[in-house]
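Content type CSV, C-alpha atoms, from the file structure_3.csv:
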chain,number,residue,atom,x,y,z
A,23,MET,CA,-213.4,152.6,-106.7
A,24,ASP,CA,-216.1,152.2,-104.0
A,25,SER,CA,-215.8,148.4,-104.2
A,26,VAL,CA,-212.0,148.6,-103.7
A,27,VAL,CA,-212.5,150.8,-100.6
A,28,LYS,CA,-215.0,148.4,-99.2
A,29,PHE,CA,-212.7,145.5,-99.8
A,30,LEU,CA,-209.8,147.3,-98.1
A,31,GLN,CA,-211.7,148.6,-95.1
A,32,PRO,CA,-211.6,145.4,-93.0
A,33,PHE,CA,-207.8,145.3,-93.2
A,34,GLN,CA,-207.6,148.7,-91.4
A,35,LEU,CA,-204.6,149.9,-93.5
A,36,HIS,CA,-204.6,153.5,-92.4
A,37,PRO,CA,-202.4,153.2,-89.3
A,38,GLN,CA,-199.7,151.2,-91.2
A,39,VAL,CA,-199.7,153.5,-94.2
A,40,ASP,CA,-199.7,156.6,-92.0
A,41,HIS,CA,-196.7,155.4,-90.0
A,42,PHE,CA,-194.8,154.7,-93.1
A,43,SER,CA,-195.5,158.1,-94.6
A,44,VAL,CA,-194.5,159.9,-91.4
A,45,ALA,CA,-191.2,158.0,-91.1
A,46,LEU,CA,-190.2,158.2,-94.7
A,47,LEU,CA,-190.8,161.9,-95.1
A,48,ILE,CA,-189.1,163.0,-91.9
A,49,VAL,CA,-186.1,160.8,-92.6
A,50,ALA,CA,-185.9,162.1,-96.2
A,51,VAL,CA,-185.7,165.7,-95.1
A,52,LEU,CA,-183.2,165.0,-92.4
A,53,ILE,CA,-180.9,163.1,-94.8
A,54,ASP,CA,-181.2,166.0,-97.2
A,55,LEU,CA,-180.0,168.4,-94.5
A,56,VAL,CA,-177.1,166.1,-93.8
A,57,ALA,CA,-176.3,166.0,-97.5
A,58,SER,CA,-176.1,169.8,-97.6
A,59,LEU,CA,-173.3,169.7,-95.0
A,60,ALA,CA,-171.5,167.0,-97.0
A,61,PRO,CA,-171.8,168.0,-100.7
A,62,THR,CA,-169.4,165.4,-101.8
A,63,ARG,CA,-171.7,162.6,-100.5
A,64,ILE,CA,-173.8,162.4,-103.6
A,65,TRP,CA,-175.4,159.1,-102.6
A,66,LEU,CA,-177.0,160.9,-99.6
A,67,ARG,CA,-178.9,163.2,-101.9
A,68,TYR,CA,-180.1,160.3,-104.0
A,69,THR,CA,-181.1,158.5,-100.8
A,70,ALA,CA,-183.1,161.5,-99.7
A,71,LEU,CA,-184.7,161.8,-103.1
A,72,THR,CA,-185.8,158.1,-103.1
A,73,LEU,CA,-187.2,158.4,-99.6
A,74,MET,CA,-189.1,161.6,-100.5
A,75,ILE,CA,-190.7,159.8,-103.5
A,76,LEU,CA,-191.7,156.8,-101.4
A,77,GLY,CA,-193.0,159.1,-98.6
A,78,ALA,CA,-195.1,161.2,-101.0
A,79,ILE,CA,-196.7,158.0,-102.3
A,80,ALA,CA,-197.4,156.8,-98.8
A,81,ALA,CA,-198.8,160.3,-97.9
A,82,GLY,CA,-201.4,159.9,-100.7
A,83,ALA,CA,-202.3,156.4,-99.6
A,84,SER,CA,-202.6,157.6,-96.0
A,85,PHE,CA,-205.0,160.3,-97.1
A,86,LEU,CA,-207.2,157.9,-99.1
A,87,THR,CA,-207.3,155.2,-96.3
A,88,GLY,CA,-207.9,157.9,-93.7
A,89,ASP,CA,-210.8,159.3,-95.6
A,90,ALA,CA,-212.4,155.9,-95.8
A,91,GLU,CA,-211.8,155.3,-92.1
A,92,ALA,CA,-213.3,158.7,-91.2
A,93,ASP,CA,-216.5,157.8,-93.2
A,94,ARG,CA,-216.8,154.5,-91.2
A,95,ILE,CA,-216.5,156.0,-87.7
A,96,TRP,CA,-217.9,159.5,-88.1
A,97,ASN,CA,-221.4,158.8,-86.8
A,98,ALA,CA,-220.1,156.9,-83.7
A,99,LEU,CA,-218.0,160.0,-82.5
A,100,GLY,CA,-219.1,162.8,-80.2
A,101,GLN,CA,-218.8,166.4,-81.3
A,102,PRO,CA,-215.4,167.1,-79.7
A,103,ALA,CA,-213.9,164.0,-81.5
A,104,LYS,CA,-215.5,165.1,-84.7
A,105,ASP,CA,-213.8,168.5,-84.5
A,106,VAL,CA,-210.4,166.9,-84.0
A,107,LEU,CA,-211.1,164.4,-86.8
A,108,LYS,CA,-212.1,167.2,-89.2
A,109,THR,CA,-208.8,169.1,-88.5
A,110,HIS,CA,-206.8,165.9,-88.8
A,111,ALA,CA,-208.4,165.1,-92.2
A,112,GLU,CA,-208.0,168.6,-93.6
A,113,LEU,CA,-204.3,168.7,-92.7
A,114,GLY,CA,-203.9,165.2,-94.2
A,115,GLU,CA,-205.3,166.4,-97.5
A,116,TYR,CA,-203.1,169.6,-97.6
A,117,LEU,CA,-200.0,167.6,-96.6
A,118,ALA,CA,-200.5,165.0,-99.3
A,119,ILE,CA,-200.7,167.8,-101.9
A,120,THR,CA,-197.7,169.6,-100.3
A,121,PHE,CA,-195.4,166.6,-100.3
A,122,GLY,CA,-196.4,165.8,-103.9
A,123,ILE,CA,-195.3,169.2,-104.9
A,124,LEU,CA,-192.1,169.0,-102.8
A,125,THR,CA,-191.3,165.6,-104.5
A,126,ILE,CA,-191.6,167.1,-108.0
A,127,TRP,CA,-189.5,170.1,-106.8
A,128,ARG,CA,-186.9,167.8,-105.3
A,129,ILE,CA,-186.6,165.8,-108.6
A,130,LEU,CA,-186.1,169.0,-110.6
A,131,ILE,CA,-183.3,170.1,-108.2
A,132,GLN,CA,-181.6,166.8,-108.8
A,133,VAL,CA,-182.0,166.5,-112.6
A,134,ALA,CA,-182.3,170.1,-113.8
A,135,GLY,CA,-179.4,172.4,-113.3
A,136,PHE,CA,-181.5,175.6,-113.3
A,137,MET,CA,-183.4,174.4,-110.2
A,138,ALA,CA,-180.3,173.6,-108.1
A,139,GLY,CA,-180.2,177.2,-106.7
A,140,SER,CA,-183.5,176.7,-105.0
A,141,ARG,CA,-182.3,173.9,-102.8
A,142,ALA,CA,-182.1,176.1,-99.7
A,143,ILE,CA,-185.7,177.3,-100.1
A,144,TYR,CA,-186.8,173.8,-100.7
A,145,LEU,CA,-185.3,172.6,-97.4
A,146,ILE,CA,-187.0,175.4,-95.5
A,147,VAL,CA,-190.4,174.6,-96.9
A,148,ALA,CA,-189.8,170.9,-96.4
A,149,ILE,CA,-188.9,171.5,-92.7
A,150,VAL,CA,-192.1,173.4,-92.2
A,151,ALA,CA,-194.0,170.7,-93.8
A,152,ILE,CA,-192.7,167.9,-91.6
A,153,VAL,CA,-193.4,170.1,-88.5
A,154,VAL,CA,-197.0,170.3,-89.6
A,155,LEU,CA,-196.9,166.6,-90.3
A,156,GLY,CA,-195.9,166.0,-86.7
A,157,TYR,CA,-198.8,168.0,-85.4
A,158,GLN,CA,-201.2,166.2,-87.7
A,159,SER,CA,-199.9,162.9,-86.4
A,160,HIS,CA,-200.4,164.1,-82.9
A,161,LEU,CA,-204.1,164.8,-83.7
A,162,GLY,CA,-204.4,161.2,-84.9
A,163,GLY,CA,-203.0,160.0,-81.6
A,164,VAL,CA,-205.6,162.1,-79.7
A,165,LEU,CA,-208.4,160.5,-81.7
A,166,VAL,CA,-207.2,157.0,-80.8
A,167,TYR,CA,-205.9,157.4,-77.3
A,168,ASP,CA,-208.3,160.1,-76.0
A,169,TYR,CA,-211.5,159.2,-77.9
A,170,GLY,CA,-210.9,155.6,-78.9
A,171,ALA,CA,-211.6,156.3,-82.6
A,172,GLY,CA,-211.7,153.2,-84.7
A,173,THR,CA,-211.0,150.9,-81.7
A,174,ALA,CA,-213.0,148.3,-79.7
A,175,LEU,CA,-213.3,150.9,-76.9
A,176,MET,CA,-215.4,153.1,-79.2
A,177,ALA,CA,-217.7,150.2,-80.1
A,178,ALA,CA,-218.2,149.3,-76.5
A,179,ALA,CA,-218.7,152.8,-75.1
A,180,PRO,CA,-219.3,155.4,-77.8
A,181,VAL,CA,-218.1,158.9,-76.9
A,182,PRO,CA,-221.2,160.9,-75.8
A,183,SER,CA,-222.2,164.0,-77.7
A,184,GLU,CA,-222.5,167.4,-76.0
A,185,THR,CA,-226.2,167.4,-76.6
A,186,ALA,CA,-226.8,164.3,-74.5
A,187,SER,CA,-228.8,164.8,-71.3
A,188,PRO,CA,-226.6,165.2,-68.3
A,189,GLY,CA,-229.0,163.2,-66.1
A,190,ALA,CA,-229.2,160.3,-68.6
A,191,ALA,CA,-225.9,158.8,-67.5
A,192,SER,CA,-226.9,158.8,-63.8
A,193,THR,CA,-230.3,157.2,-64.3
A,194,SER,CA,-230.4,153.7,-62.8
A,195,SER,CA,-233.2,151.1,-62.5
A,196,ALA,CA,-232.1,150.1,-59.0
A,197,PRO,CA,-234.2,151.4,-56.2
A,198,ILE,CA,-232.8,154.3,-54.2
A,199,PRO,CA,-231.5,153.0,-50.8
A,200,THR,CA,-233.0,154.3,-47.7
A,201,VAL,CA,-231.1,155.1,-44.5
A,202,SER,CA,-232.7,154.9,-41.0
A,203,VAL,CA,-231.6,157.6,-38.7
A,204,PRO,CA,-232.3,157.1,-34.9
A,205,THR,CA,-234.3,159.9,-33.3
A,206,SER,CA,-233.3,161.7,-30.1
A,207,PHE,CA,-236.8,161.8,-28.5
A,208,PRO,CA,-236.9,160.5,-24.9
A,209,THR,CA,-238.6,157.2,-24.2
A,210,PRO,CA,-241.9,157.7,-22.4
A,211,MET,CA,-242.0,156.5,-18.8
A,212,PRO,CA,-244.9,154.2,-17.8
A,213,PRO,CA,-247.6,155.8,-15.5
A,214,PRO,CA,-247.2,155.1,-11.8
A,215,SER,CA,-249.4,152.4,-10.4
A,216,ALA,CA,-251.9,152.9,-7.5
A,217,ALA,CA,-250.1,150.6,-5.1
A,218,ALA,CA,-246.3,150.9,-5.2
A,219,PRO,CA,-244.6,147.5,-4.9
A,220,ALA,CA,-242.9,146.7,-1.7
A,221,SER,CA,-239.3,147.2,-1.5
A,222,PRO,CA,-237.1,144.1,-1.5
A,223,GLY,CA,-236.3,144.6,2.2
A,224,GLU,CA,-239.9,144.8,3.2
A,225,ALA,CA,-240.8,141.7,1.2
A,226,SER,CA,-238.2,139.6,2.9
A,227,THR,CA,-239.2,140.6,6.6
A,228,PRO,CA,-241.3,137.8,8.2
A,229,THR,CA,-244.5,138.8,10.0
A,230,PRO,CA,-245.0,137.6,13.6
A,231,THR,CA,-247.7,135.0,14.2
A,232,ALA,CA,-250.4,135.6,16.8
A,233,GLN,CA,-250.5,133.4,19.9
A,234,PRO,CA,-253.6,131.3,20.4
A,235,THR,CA,-256.1,132.9,22.6
A,236,GLY,CA,-257.0,129.7,24.5
A,237,ALA,CA,-253.5,129.2,26.0
A,238,VAL,CA,-253.5,128.9,29.9
A,239,ASN,CA,-250.7,130.6,31.9
A,240,MET,CA,-249.0,128.2,34.3

Give the structure from the file, written as structure tokens.
Amino acid sequence: MDSVVKFLQPFQLHPQVDHFSVALLIVAVLIDLVASLAPTRIWLRYTALTLMILGAIAAGASFLTGDAEADRIWNALGQPAKDVLKTHAELGEYLAITFGILTIWRILIQVAGFMAGSRAIYLIVAIVAIVVLGYQSHLGGVLVYDYGAGTALMAAAPVPSETASPGAASTSSAPIPTVSVPTSFPTPMPPPSAAAPASPGEASTPTPTAQPTGAVNM
């Protein structure tokens, strides 16, 4: 049995089988409801019975393939995803058993006259079962679309567990950038020199030249 499971795992059959079981079982119950409103349409009841048998077989296969898939991805999931997967798997087991019993019940209604009176009770139980089946399918969607269970997204970036250190994700090997903030201190003035420089007006004024002392007045 283990060798068969290992052989089938690479084909990833759980989504295909799961979708078949959901569709077949829901349509089987709905057709049975329509057949109750049209008792003369005997072929509707046989159609519902056939779909219920096929759906129960698909539900059992869905549970087996889902169990193998859960074993494969369990260690790669975080704790929140594991909680969802656990509920999803438990409901899958209970529903596989429930629809197996409902299928036997439906066969007896069709072939045994003493069971025909329980048809109304059967339909009520079957409706409750497909409602639970819809919720269980929703949990499967949460695992895939919210947590990436069984997809390449999970392999590339596994869902962190709650025990992971919060600071581990923010740790980086790059150096912390530094920012220079200009200060508001005044720039020191240079000390005054001993001799103040002449103003531009004084520097441009020419000085008178002294007359030679040996000049003779005429």

Name all residues at most 12 Å from Tyr157 in chain A (count only C-alpha atoms; drop same-chain ones fewer than 2 positions away) and give them as a VMD selection string.
chain A and resid 44 106 109 to 110 113 to 114 117 150 to 155 159 to 164

Excluding range 133-147 of chain A and any residue of its chain fewer than 4 positions from it, enumerate the residues within 12 Å of it, using only C-alpha atoms, and give them as a VMD selection string.
chain A and resid 48 50 to 59 67 to 68 70 to 71 117 120 to 121 123 to 129 151 to 154

I'd like the contact shell of Gln38 in chain A - 12 Å cut-off, all atoms listed in the file, skipping same-chain residues fewer than 5 positions apart - returned as a list in words.
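Skipping anything fewer than 5 positions along the chain leaves Phe33, Ser43, Val44, Ala45, Ala80, Ala81, Ala83, Ser84, Thr87 and Gly88 of chain A.
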
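Note that the spacing between CA of Gly170 in chain A and CA of Gly82 in chain A amounts to 24.2 Å.
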
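CA of Leu35 in chain A sits 19.4 Å away from CA of Tyr169 in chain A.
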
May I ask for the distance between CA of Leu76 in chain A and CA of Phe42 in chain A, given in Å to one decimal place?
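Straight-line distance from CA of Leu76 in chain A to CA of Phe42 in chain A works out to 9.1 Å.
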